[in-house]
Structures are given as C-alpha cells and as structure tokens.
file final.cif (mmCIF, C-alpha atoms)
data_protein
#
loop_
_atom_site.group_PDB
_atom_site.id
_atom_site.type_symbol
_atom_site.label_atom_id
_atom_site.label_comp_id
_atom_site.auth_asym_id
_atom_site.auth_seq_id
_atom_site.Cartn_x
_atom_site.Cartn_y
_atom_site.Cartn_z
ATOM 1 C CA MET A 48 13.205 159.389 -71.787
ATOM 2 C CA ASP A 49 10.141 160.820 -73.502
ATOM 3 C CA GLU A 50 8.209 157.603 -72.751
ATOM 4 C CA ASN A 51 9.121 157.824 -69.069
ATOM 5 C CA LYS A 52 7.922 161.431 -68.873
ATOM 6 C CA LYS A 53 4.600 160.538 -70.508
ATOM 7 C CA TRP A 54 4.147 157.604 -68.177
ATOM 8 C CA MET A 55 4.849 159.801 -65.094
ATOM 9 C CA HIS A 56 2.393 162.420 -66.309
ATOM 10 C CA LYS A 57 -0.237 159.742 -66.983
ATOM 11 C CA GLU A 58 0.305 158.170 -63.540
ATOM 12 C CA THR A 59 0.132 161.555 -61.760
ATOM 13 C CA GLU A 60 -3.091 162.406 -63.578
ATOM 14 C CA ARG A 61 -4.599 158.990 -62.687
ATOM 15 C CA GLN A 62 -3.780 159.535 -59.007
ATOM 16 C CA ARG A 63 -5.287 163.024 -59.124
ATOM 17 C CA ARG A 64 -8.530 161.642 -60.626
ATOM 18 C CA GLN A 65 -8.683 158.914 -57.969
ATOM 19 C CA GLU A 66 -8.161 161.451 -55.207
ATOM 20 C CA MET A 67 -10.851 163.751 -56.651
ATOM 21 C CA ALA A 68 -13.265 160.813 -56.937
ATOM 22 C CA GLN A 69 -12.576 159.861 -53.313
ATOM 23 C CA LEU A 70 -13.084 163.463 -52.132
ATOM 24 C CA CYS A 71 -16.352 163.752 -54.071
ATOM 25 C CA THR A 72 -17.566 160.477 -52.559
ATOM 26 C CA THR A 73 -16.729 161.777 -49.092
ATOM 27 C CA LEU A 74 -18.528 165.065 -49.792
ATOM 28 C CA ARG A 75 -21.591 163.209 -51.095
ATOM 29 C CA SER A 76 -21.648 161.006 -47.973
ATOM 30 C CA LEU A 77 -21.841 164.119 -45.775
ATOM 31 C CA LEU A 78 -24.952 165.439 -47.531
ATOM 32 C CA PRO A 79 -28.442 164.582 -46.243
ATOM 33 C CA LEU A 80 -30.493 162.348 -48.548
ATOM 34 C CA GLU A 81 -32.733 165.185 -49.756
ATOM 35 C CA TYR A 82 -29.673 166.880 -51.275
ATOM 36 C CA ILE A 83 -28.322 163.778 -53.075
ATOM 37 C CA LYS A 84 -31.312 162.890 -55.311
ATOM 38 C CA GLY A 85 -29.986 159.735 -56.957
ATOM 39 C CA LYS A 86 -26.874 159.183 -59.039
ATOM 40 C CA ARG A 87 -25.865 162.513 -60.493
ATOM 41 C CA SER A 88 -22.787 164.251 -61.786
ATOM 42 C CA THR A 89 -20.025 165.498 -59.507
ATOM 43 C CA SER A 90 -20.865 169.103 -60.359
ATOM 44 C CA ASP A 91 -24.479 168.487 -59.246
ATOM 45 C CA HIS A 92 -23.246 167.141 -55.916
ATOM 46 C CA VAL A 93 -20.935 170.118 -55.429
ATOM 47 C CA PHE A 94 -23.843 172.452 -56.218
ATOM 48 C CA GLU A 95 -26.050 170.611 -53.687
ATOM 49 C CA ALA A 96 -23.232 170.821 -51.117
ATOM 50 C CA ILE A 97 -23.220 174.602 -51.616
ATOM 51 C CA ASN A 98 -27.014 174.650 -51.102
ATOM 52 C CA TYR A 99 -26.663 172.571 -47.954
ATOM 53 C CA ILE A 100 -23.932 174.831 -46.552
ATOM 54 C CA ASN A 101 -26.133 177.861 -47.233
ATOM 55 C CA HIS A 102 -29.037 176.087 -45.509
ATOM 56 C CA LEU A 103 -26.845 175.386 -42.454
ATOM 57 C CA GLN A 104 -25.634 179.000 -42.350
ATOM 58 C CA ASN A 105 -29.247 180.223 -42.383
ATOM 59 C CA LYS A 106 -30.108 177.740 -39.635
ATOM 60 C CA VAL A 107 -27.200 179.044 -37.526
ATOM 61 C CA LYS A 108 -28.490 182.605 -37.976
ATOM 62 C CA GLN A 109 -32.003 181.526 -36.954
ATOM 63 C CA LEU A 110 -30.690 179.727 -33.871
ATOM 64 C CA GLU A 111 -28.557 182.727 -32.906
ATOM 65 C CA ALA A 112 -31.631 184.965 -33.217
ATOM 66 C CA LYS A 113 -33.637 182.532 -31.088
ATOM 67 C CA LYS A 114 -30.836 182.419 -28.504
ATOM 68 C CA ASP A 115 -30.804 186.226 -28.371
ATOM 69 C CA GLU A 116 -34.590 186.207 -27.969
ATOM 70 C CA LEU A 117 -34.336 183.704 -25.113
ATOM 71 C CA ILE A 118 -31.640 185.733 -23.408
ATOM 72 C CA LYS A 119 -33.927 188.782 -23.578
ATOM 73 C CA LEU A 120 -36.704 186.749 -21.927
ATOM 74 C CA VAL A 121 -34.548 185.979 -18.908
ATOM 75 C CA PRO A 122 -33.776 189.305 -17.195
ATOM 76 C CA ASN A 123 -30.169 190.026 -16.285
ATOM 77 C CA LEU A 124 -28.901 186.970 -18.161
ATOM 78 C CA SER A 125 -25.897 187.594 -20.346
ATOM 79 C CA THR A 126 -23.306 185.436 -22.047
ATOM 80 C CA ASN A 127 -20.660 187.786 -20.643
ATOM 81 C CA ILE A 128 -21.307 186.767 -17.037
ATOM 82 C CA ASP A 129 -18.188 186.018 -15.046
ATOM 83 C CA PRO A 130 -18.075 182.215 -14.627
ATOM 84 C CA ASP A 131 -17.247 182.602 -10.909
ATOM 85 C CA GLU A 132 -20.416 184.652 -10.389
ATOM 86 C CA SER A 133 -22.704 182.846 -12.832
ATOM 87 C CA GLU A 134 -24.190 180.345 -10.381
ATOM 88 C CA SER A 135 -25.192 182.966 -7.826
ATOM 89 C CA SER A 136 -26.295 185.627 -10.323
ATOM 90 C CA THR A 137 -28.758 183.450 -12.248
ATOM 91 C CA SER A 138 -29.908 181.108 -9.502
ATOM 92 C CA ASN A 139 -31.543 184.052 -7.716
ATOM 93 C CA LEU A 140 -33.661 184.983 -10.739
ATOM 94 C CA PRO A 141 -37.384 184.326 -10.386
ATOM 95 C CA PRO A 142 -38.854 181.483 -12.455
ATOM 96 C CA PHE A 143 -40.690 182.374 -15.636
ATOM 97 C CA VAL A 144 -43.049 180.724 -18.092
ATOM 98 C CA ASN A 145 -43.542 181.860 -21.668
ATOM 99 C CA ILE A 146 -46.224 180.327 -23.896
ATOM 100 C CA GLN A 147 -46.468 181.215 -27.537
ATOM 101 C CA PRO A 148 -47.993 179.636 -30.622
ATOM 102 C CA PHE A 149 -45.756 178.102 -33.223
ATOM 103 C CA HIS A 150 -46.630 176.297 -36.468
ATOM 104 C CA GLY A 151 -49.183 173.651 -35.562
ATOM 105 C CA GLY A 152 -49.112 174.034 -31.798
ATOM 106 C CA LEU A 153 -47.644 175.714 -28.752
ATOM 107 C CA GLU A 154 -44.124 176.328 -27.539
ATOM 108 C CA ILE A 155 -43.882 176.465 -23.767
ATOM 109 C CA MET A 156 -40.670 177.686 -22.157
ATOM 110 C CA CYS A 157 -40.080 177.386 -18.436
ATOM 111 C CA SER A 158 -36.988 178.630 -16.655
ATOM 112 C CA CYS A 159 -36.398 177.642 -13.057
ATOM 113 C CA ASN A 160 -33.740 176.472 -10.634
ATOM 114 C CA MET A 161 -34.755 172.941 -9.719
ATOM 115 C CA PHE A 162 -38.327 172.243 -10.894
ATOM 116 C CA PRO A 163 -38.610 168.776 -12.466
ATOM 117 C CA LEU A 164 -39.659 168.518 -16.093
ATOM 118 C CA SER A 165 -41.892 165.557 -15.197
ATOM 119 C CA ARG A 166 -44.108 167.854 -13.090
ATOM 120 C CA ILE A 167 -44.438 170.338 -15.976
ATOM 121 C CA LEU A 168 -45.375 167.511 -18.343
ATOM 122 C CA GLU A 169 -47.879 166.203 -15.804
ATOM 123 C CA ILE A 170 -49.590 169.608 -15.647
ATOM 124 C CA LEU A 171 -49.712 169.805 -19.447
ATOM 125 C CA LEU A 172 -51.245 166.326 -19.678
ATOM 126 C CA GLU A 173 -53.837 167.286 -17.043
ATOM 127 C CA GLU A 174 -54.745 170.224 -19.275
ATOM 128 C CA GLY A 175 -55.222 167.901 -22.264
ATOM 129 C CA ILE A 176 -52.148 169.146 -24.100
ATOM 130 C CA ASN A 177 -50.446 166.581 -26.345
ATOM 131 C CA VAL A 178 -46.681 167.046 -25.960
ATOM 132 C CA VAL A 179 -44.726 166.435 -29.164
ATOM 133 C CA SER A 180 -41.176 167.175 -27.984
ATOM 134 C CA SER A 181 -39.239 168.640 -25.112
ATOM 135 C CA THR A 182 -35.683 169.757 -24.537
ATOM 136 C CA SER A 183 -34.004 170.774 -21.333
ATOM 137 C CA THR A 184 -30.870 172.835 -21.002
ATOM 138 C CA LYS A 185 -28.973 173.755 -17.888
ATOM 139 C CA MET A 186 -27.457 177.201 -18.178
ATOM 140 C CA ASP A 187 -25.680 178.912 -15.299
ATOM 141 C CA GLY A 188 -27.400 176.767 -12.679
ATOM 142 C CA ARG A 189 -30.898 177.186 -14.141
ATOM 143 C CA PHE A 190 -32.950 174.778 -16.191
ATOM 144 C CA ILE A 191 -34.659 175.984 -19.342
ATOM 145 C CA HIS A 192 -37.336 173.527 -20.472
ATOM 146 C CA THR A 193 -38.715 174.023 -23.999
ATOM 147 C CA ILE A 194 -41.805 171.965 -24.718
ATOM 148 C CA ARG A 195 -43.666 171.785 -28.005
ATOM 149 C CA SER A 196 -47.200 170.494 -28.311
ATOM 150 C CA GLU A 197 -49.861 169.983 -30.922
ATOM 151 C CA ASP A 198 -52.609 172.588 -31.220
ATOM 152 C CA PRO A 199 -54.653 172.282 -28.012
ATOM 153 C CA ILE A 200 -58.420 171.892 -28.133
ATOM 154 C CA HIS A 201 -59.280 173.087 -24.673
ATOM 155 C CA PRO A 202 -61.875 175.560 -23.308
ATOM 156 C CA ASN A 203 -59.241 177.385 -21.196
ATOM 157 C CA MET A 204 -57.098 178.094 -24.273
ATOM 158 C CA SER A 205 -59.195 179.922 -26.803
ATOM 159 C CA GLY A 206 -57.344 181.827 -29.510
ATOM 160 C CA THR A 207 -54.041 183.069 -28.202
ATOM 161 C CA ASP A 208 -55.004 183.425 -24.534
ATOM 162 C CA TYR A 209 -52.842 180.979 -22.653
ATOM 163 C CA SER A 210 -52.881 182.929 -19.392
ATOM 164 C CA GLU A 211 -54.645 180.207 -17.386
ATOM 165 C CA LEU A 212 -52.065 177.590 -18.359
ATOM 166 C CA GLN A 213 -49.254 180.066 -17.733
ATOM 167 C CA ARG A 214 -50.706 180.849 -14.296
ATOM 168 C CA LYS A 215 -50.918 177.149 -13.363
ATOM 169 C CA LEU A 216 -47.343 176.481 -14.447
ATOM 170 C CA MET A 217 -46.009 179.572 -12.657
ATOM 171 C CA GLU A 218 -47.944 178.639 -9.519
ATOM 172 C CA ALA A 219 -46.512 175.112 -9.516
ATOM 173 C CA ILE A 220 -42.956 176.296 -10.197
ATOM 174 C CA SER A 221 -43.144 179.118 -7.648
ATOM 175 C CA SER A 222 -44.552 176.871 -4.909
ATOM 176 C CA SER A 223 -41.777 174.376 -5.594
ATOM 177 C CA SER A 224 -39.157 177.137 -5.462
ATOM 178 C CA LEU A 225 -40.614 178.368 -2.193
ATOM 179 C CA GLN A 226 -40.422 174.895 -0.676
ATOM 180 C CA GLU A 227 -36.747 174.676 -1.630
ATOM 181 C CA THR A 228 -35.953 177.883 0.253
ATOM 182 C CA LEU A 229 -37.993 177.060 3.381
ATOM 183 C CA PRO A 230 -36.260 175.086 6.129
ATOM 184 C CA ALA A 231 -37.390 171.488 6.365
ATOM 185 C CA GLU A 232 -40.006 170.835 9.030
ATOM 186 C CA PRO A 233 -38.973 168.371 11.715
ATOM 187 C CA GLU A 234 -40.588 164.982 11.304
ATOM 188 C CA ASN A 235 -43.002 163.820 13.987
ATOM 189 C CA CYS A 236 -42.070 160.471 15.488
#
call {"tool": "encode", "arguments": {"input": "final.cif", "output": "structure tokens"}}
result
Amino acid sequence: MDENKKWMHKETERQRRQEMAQLCTTLRSLLPLEYIKGKRSTSDHVFEAINYINHLQNKVKQLEAKKDELIKLVPNLSTNIDPDESESSTSNLPPFVNIQPFHGGLEIMCSCNMFPLSRILEILLEEGINVVSSTSTKMDGRFIHTIRSEDPIHPNMSGTDYSELQRKLMEAISSSSLQETLPAEPENC
C-alpha cells in the first residue's frame, strides 16, 4: 500500500512538471524575440514576460493618450455619440489637416469625408516628401489618414513652419469636398 501511494505521488508530480514545462514553453513562444535572449531559465522567461506585459500596458496608455489627443483635434467628435446619429454628426464636420514633427520626420493627419489617400500622397510626393508609412481609419463616416515621412529637405518647410504644405492639402481636400456637394453638371453631347 505504501508503494502504491509513493508511486501515485511520483506520477502526480511528474505530470505537474510536464504541465509546467508545457505552460512555460507556451509563454516563451508568446514573447517577442528581444525578450527571449537565448536559452535561459524558466524564472528568466517569467521575468521577461512581466517586462513585456508592462511594456504593452505602457503602450496601451500611450495609444489611449494619442486617441484622446486625436479626438480633441476633431471638434465635436466623441466616443459617446449615439450610433444612429454618428454618420450625420461627423460627416458634416469640415476637413482638417494637422502637420507636426515627430522623431526623424513629419506626421501628417488629414480628416475628411471622401478624399482619396492617393491624392494626398500625390501632393506629398510633388512637394518632395518621402512617405515612410500611412494608415487610414474610417470613424463615424469620416476617414482619418495618418502619414509619416522622413525629414523633408524643402525650401517651403524650414524649421517647424509647415503652413504652405498644410494650405495645399486643405485646399485640395476642401475643393474635393465642395465638388461632392455640388450637383453634377449635365454632360454636353
């Protein structure tokens, strides 16, 4: 009887170790490579998992702050808008363009109803701006285009004065918005 009890205890402990090893392997597989750093002890991997979770929590806070900043940029936009009214309440907002420096370049944000991103990129290329990345989001019937570029070397953009570029983008977006609201002219046959 004593032998059977020892064997059961030994088998239970072996299963527990296998399960822990499997869970640690799964945890390690979820970590980005920069947090793994070669073959290390389980406690090191758990510690790195804690660091990674803290990193993600900080990133969430940064993104929430950026979202709040973006919401402040768009007047009358709120996350508490009634979904039935959201299309009409935000689609009537005027377009806006915000240009600000960020590490190594510019961040250009455009908010409009139906202006194509390709036209914005075309204007930026005409201005000699090298686009690095762009994202587009549709929120309550409006498009928000966020474009990042390398530091421009252009005579119209000295220091932090990006007003000429902002004017050109606003002009293009506004003229496009105006054309959408005007009735179509009859075609001549």
call {"tool": "resolve_selection", "arguments": {"input": "final.cif", "expression": "the PyMOL selection byres ((chain A and resi 195) around 6)", "output": "JSON, numbers by chain"}}
result
{"A": [153, 154, 178, 179, 180, 194, 196]}
call {"tool": "atom_distance", "arguments": {"input": "final.cif", "atom1": "atom CA of Arg75 of chain A", "atom2": "atom CA of His102 of chain A"}}
result
15.9 Å
call {"tool": "atom_distance", "arguments": {"input": "final.cif", "atom1": "atom CA of Glu218 of chain A", "atom2": "atom CA of Phe143 of chain A"}}
result
10.2 Å
call {"tool": "closest_residue", "arguments": {"input": "final.cif", "among": "A:Glu111, A:Asp187, A:Asp49, A:Glu174", "to": "Leu140 of chain A", "atoms": "only C-alpha atoms"}}
result
A:Asp187
call {"tool": "resolve_selection", "arguments": {"input": "final.cif", "expression": "the PyMOL selection byres ((chain A and resi 193) around 6)", "output": "list in words"}}
result
Ile155, Met156, Ser181, Thr182, His192 and Ile194 of chain A
call {"tool": "axis_aligned_box", "arguments": {"input": "final.cif", "around": "segment 75-92 of chain A", "padding_each_side": "5 Å", "output": "JSON"}}
result
{"center_x": -26.4, "center_y": 164.1, "center_z": -53.8, "size_x": 22.7, "size_y": 19.9, "size_z": 26.0}
call {"tool": "closest_residue", "arguments": {"input": "final.cif", "among": "A:Glu95, A:Asn51, A:Ser90, A:Gln65", "to": "Leu78 of chain A", "atoms": "all atoms listed in the file"}}
result
A:Glu95
call {"tool": "atom_distance", "arguments": {"input": "final.cif", "atom1": "atom CA of Arg189 of chain A", "atom2": "atom CA of Pro142 of chain A"}}
result
9.2 Å
call {"tool": "residues_near_point", "arguments": {"input": "final.cif", "point": "(-39.7, 167.7, -11.7)", "cutoff": "12 Å", "atoms": "only C-alpha atoms", "output": "MDAnalysis selection string"}}
result
chainID A and resid 157 159:170 183 190 192 216 219:220 223:224
call {"tool": "write_last_selection", "arguments": {"input": "final.cif", "atoms": "C-alpha atoms", "output": "mmCIF file, keeping the file's coordinate frame"}}
result
data_model
loop_
_atom_site.group_PDB
_atom_site.id
_atom_site.type_symbol
_atom_site.label_atom_id
_atom_site.label_comp_id
_atom_site.auth_asym_id
_atom_site.auth_seq_id
_atom_site.Cartn_x
_atom_site.Cartn_y
_atom_site.Cartn_z
ATOM 1 C CA CYS A 157 -40.080 177.386 -18.436
ATOM 2 C CA CYS A 159 -36.398 177.642 -13.057
ATOM 3 C CA ASN A 160 -33.740 176.472 -10.634
ATOM 4 C CA MET A 161 -34.755 172.941 -9.719
ATOM 5 C CA PHE A 162 -38.327 172.243 -10.894
ATOM 6 C CA PRO A 163 -38.610 168.776 -12.466
ATOM 7 C CA LEU A 164 -39.659 168.518 -16.093
ATOM 8 C CA SER A 165 -41.892 165.557 -15.197
ATOM 9 C CA ARG A 166 -44.108 167.854 -13.090
ATOM 10 C CA ILE A 167 -44.438 170.338 -15.976
ATOM 11 C CA LEU A 168 -45.375 167.511 -18.343
ATOM 12 C CA GLU A 169 -47.879 166.203 -15.804
ATOM 13 C CA ILE A 170 -49.590 169.608 -15.647
ATOM 14 C CA SER A 183 -34.004 170.774 -21.333
ATOM 15 C CA PHE A 190 -32.950 174.778 -16.191
ATOM 16 C CA HIS A 192 -37.336 173.527 -20.472
ATOM 17 C CA LEU A 216 -47.343 176.481 -14.447
ATOM 18 C CA ALA A 219 -46.512 175.112 -9.516
ATOM 19 C CA ILE A 220 -42.956 176.296 -10.197
ATOM 20 C CA SER A 223 -41.777 174.376 -5.594
ATOM 21 C CA SER A 224 -39.157 177.137 -5.462
#
call {"tool": "resolve_selection", "arguments": {"input": "final.cif", "expression": "the PyMOL selection byres ((chain A and resi 74) around 12)", "output": "PyMOL selection string"}}
result
chain A and resi 67-73+75-79+82-83+89-97+99-100
call {"tool": "closest_residue", "arguments": {"input": "final.cif", "among": "A:Glu197, A:Glu50, A:Ser222, A:Asn145", "to": "Gly175 of chain A", "atoms": "only C-alpha atoms"}}
result
A:Glu197
